[in-house]
Amino acid sequence: MHETMVAHSILSTVSAHAAKMGAKPISAKISCGQLNPINDEVLNFAFEAAAKGTVCEGMKLEVVHIPLKATCKKCGSSFDFDIYSPTCTDCGSEEFEIGPDAPLLLEEIEFEDNRQDEGFTEQENSQQE
Amino acid sequence: MKVSLNKKILSKNEECALKNRTFFTENNTLCLNVISSPGSGKTTIISRTIRDLKDRVKIGVIEGDIKTDTDAQKIRETGAAAVQIETRGACHLTAQQVTSKLGAISAGELDVVFIENVGNLVCPSDFDLGEQGRVVVLSVPEGDDKPAKYPGTFAKADVLLINKIDLLDYVEFDMDKVINDAGKLNPDLKIFRVSAKTGTGMNDWYDWLVGRINS
């Protein structure tokens, strides 16, 4: 995975949302699959460099790695696929079907709460897909 | 305050890839994204394919490299149209770069456009270029551990060309392991064992290619 390009893409989306909301972003949650995983450390390093001097400076990125599900063709059990030991975790069979890998998503951004009324939480679901 | 987005991070590239795919479909052009390590023989495979199918198939090539246009020059020696993208440091091509070069090879008038990606088994696999199929090249001297080490690239491919099989007697390479590992990741993967140098096995690859053009 090319972390630098991913970092720039996150930066531009988060910056646009920050400007729209007039709030400073603190952190963001990213999720990715198993076949082309993100390296958390490299992504945070690339993001730190890219975000310098912007509203996103100091933000932390959390990366959630979504397991790749496989279904055994012999015993039917569903298990987390591991490329380094590609066998069914229940019966040891090598015959299985791999499910779709999770896409690379920017799931959530957390902003500093500027409001006076403490405890107020707002969920805004963006229509942008 | 948390804002939930669930936005695809590389969505700009995907939008552009969709436009490219529509262009290829409307023009009845088969576009194949060719991915491999540096030095696996991508350019040699493409050049030989162009020469051997010259009378049957009109082929053009978009070449991707960090620096130099030597690959595009090699392709032009076959008589086919070729254009070079110099990525100036980037380790993969993007859909936007491909869009910008479609006119230079008159892509709409061709039967096949090969996009020869930057030599790299990691990053190119995450960037949809708008192709209709992916070809991964793995050459024998690279070793038999590549499908296990770079699962994303092999899982997303349509064809695996195992190249330089003329060197099998000289290097350690467990063919069954490669076929088994790649097949586990991708049961629909078509695998051809070839030598672009001697021509061995190339006819099976041509049959697949011509079949795909006509389908």
# chains A, B, ... in the order shown; residues from 1 in each chain; ligands from 1

$ interface_residues --of "chain B" --to "chain A" --cutoff "12 Å" --atoms "only C-alpha atoms" --output "count of residues only"
49

$ residues_around --residues "segment 193-196 of chain B" --least-positions-apart "3" --cutoff "9 Å" --atoms "only C-alpha atoms" --output "count of residues only"
22

$ atom_distance --atom1 "atom CA of Asp169 of chain B" --atom2 "atom CA of Asp71 of chain B"
28.6 Å

$ residues_around --residues "Ile59 of chain B" --least-positions-apart "2" --cutoff "10 Å" --atoms "only C-alpha atoms" --output "PyMOL selection string"
chain B and resi 29-31+46-47+49-51+53-54+56-57+61+79-82+105+107+109-114

$ atom_distance --atom1 "atom CA of Asp90 of chain A" --atom2 "atom CA of Lys74 of chain A"
10.1 Å

$ select_by_dssp --residues "chain B" --states "alpha helix (DSSP H)" --output "NGL selection string"
:B and (11-26 or 42-52 or 70-76 or 95-101 or 146-149 or 151-155 or 175-185 or 202-214)

$ decode --residues "segment 48-72 of chain A" --atoms "N, CA, C and O atoms" --output "tab-separated table (two decimals), in the first residue's frame"
chain	number	residue	atom	x	y	z
A	48	GLU	N	1.82	12.92	9.33
A	48	GLU	CA	2.42	13.97	10.16
A	48	GLU	C	3.16	14.97	9.27
A	48	GLU	O	3.03	16.19	9.43
A	49	ALA	N	3.92	14.43	8.31
A	49	ALA	CA	4.69	15.29	7.41
A	49	ALA	C	3.76	16.11	6.52
A	49	ALA	O	3.95	17.31	6.32
A	50	ALA	N	2.72	15.45	6.00
A	50	ALA	CA	1.81	16.12	5.07
A	50	ALA	C	0.97	17.18	5.78
A	50	ALA	O	0.61	18.21	5.20
A	51	ALA	N	0.64	16.93	7.06
A	51	ALA	CA	-0.30	17.80	7.78
A	51	ALA	C	0.36	19.01	8.42
A	51	ALA	O	-0.33	19.88	8.95
A	52	LYS	N	1.66	19.07	8.38
A	52	LYS	CA	2.40	20.17	9.02
A	52	LYS	C	1.90	21.52	8.50
A	52	LYS	O	1.80	21.73	7.30
A	53	GLY	N	1.54	22.40	9.42
A	53	GLY	CA	1.10	23.74	9.03
A	53	GLY	C	-0.35	23.81	8.58
A	53	GLY	O	-0.82	24.87	8.16
A	54	THR	N	-1.06	22.69	8.62
A	54	THR	CA	-2.48	22.69	8.24
A	54	THR	C	-3.33	22.52	9.51
A	54	THR	O	-2.81	22.27	10.60
A	55	VAL	N	-4.64	22.57	9.32
A	55	VAL	CA	-5.57	22.41	10.45
A	55	VAL	C	-5.45	20.99	11.05
A	55	VAL	O	-5.81	20.75	12.19
A	56	CYS	N	-4.89	20.08	10.28
A	56	CYS	CA	-4.77	18.68	10.72
A	56	CYS	C	-3.47	18.40	11.48
A	56	CYS	O	-3.26	17.26	11.90
A	57	GLU	N	-2.64	19.40	11.65
A	57	GLU	CA	-1.38	19.17	12.36
A	57	GLU	C	-1.65	18.63	13.76
A	57	GLU	O	-2.51	19.13	14.48
A	58	GLY	N	-0.93	17.57	14.12
A	58	GLY	CA	-1.09	16.98	15.45
A	58	GLY	C	-2.15	15.89	15.52
A	58	GLY	O	-2.30	15.22	16.54
A	59	MET	N	-2.89	15.70	14.43
A	59	MET	CA	-3.94	14.67	14.41
A	59	MET	C	-3.35	13.27	14.45
A	59	MET	O	-2.28	13.02	13.90
A	60	LYS	N	-4.04	12.34	15.06
A	60	LYS	CA	-3.59	10.94	15.07
A	60	LYS	C	-4.54	10.10	14.22
A	60	LYS	O	-5.75	10.31	14.23
A	61	LEU	N	-3.96	9.14	13.53
A	61	LEU	CA	-4.78	8.23	12.72
A	61	LEU	C	-4.78	6.86	13.37
A	61	LEU	O	-3.72	6.31	13.69
A	62	GLU	N	-5.97	6.30	13.56
A	62	GLU	CA	-6.07	4.94	14.10
A	62	GLU	C	-6.44	4.02	12.93
A	62	GLU	O	-7.36	4.32	12.17
A	63	VAL	N	-5.70	2.92	12.77
A	63	VAL	CA	-5.99	2.01	11.67
A	63	VAL	C	-6.59	0.71	12.21
A	63	VAL	O	-6.01	0.07	13.08
A	64	VAL	N	-7.77	0.37	11.71
A	64	VAL	CA	-8.42	-0.88	12.12
A	64	VAL	C	-8.24	-1.89	11.00
A	64	VAL	O	-8.59	-1.62	9.85
A	65	HIS	N	-7.66	-3.02	11.32
A	65	HIS	CA	-7.42	-4.06	10.31
A	65	HIS	C	-8.57	-5.08	10.35
A	65	HIS	O	-8.76	-5.76	11.35
A	66	ILE	N	-9.33	-5.13	9.26
A	66	ILE	CA	-10.51	-6.02	9.22
A	66	ILE	C	-10.07	-7.41	8.73
A	66	ILE	O	-9.45	-7.52	7.66
A	67	PRO	N	-10.39	-8.47	9.46
A	67	PRO	CA	-9.98	-9.81	9.03
A	67	PRO	C	-10.64	-10.20	7.70
A	67	PRO	O	-11.73	-9.74	7.38
A	68	LEU	N	-9.95	-11.06	6.98
A	68	LEU	CA	-10.47	-11.59	5.72
A	68	LEU	C	-11.12	-12.95	6.06
A	68	LEU	O	-10.46	-13.85	6.56
A	69	LYS	N	-12.40	-13.06	5.78
A	69	LYS	CA	-13.13	-14.28	6.15
A	69	LYS	C	-13.02	-15.34	5.06
A	69	LYS	O	-13.10	-15.03	3.87
A	70	ALA	N	-12.84	-16.57	5.48
A	70	ALA	CA	-12.85	-17.68	4.53
A	70	ALA	C	-13.85	-18.72	5.03
A	70	ALA	O	-14.09	-18.83	6.24
A	71	THR	N	-14.44	-19.46	4.10
A	71	THR	CA	-15.39	-20.52	4.46
A	71	THR	C	-14.84	-21.85	3.97
A	71	THR	O	-14.49	-21.99	2.79
A	72	CYS	N	-14.75	-22.80	4.88
A	72	CYS	CA	-14.21	-24.12	4.53
A	72	CYS	C	-15.20	-24.88	3.66
A	72	CYS	O	-16.39	-24.94	3.97
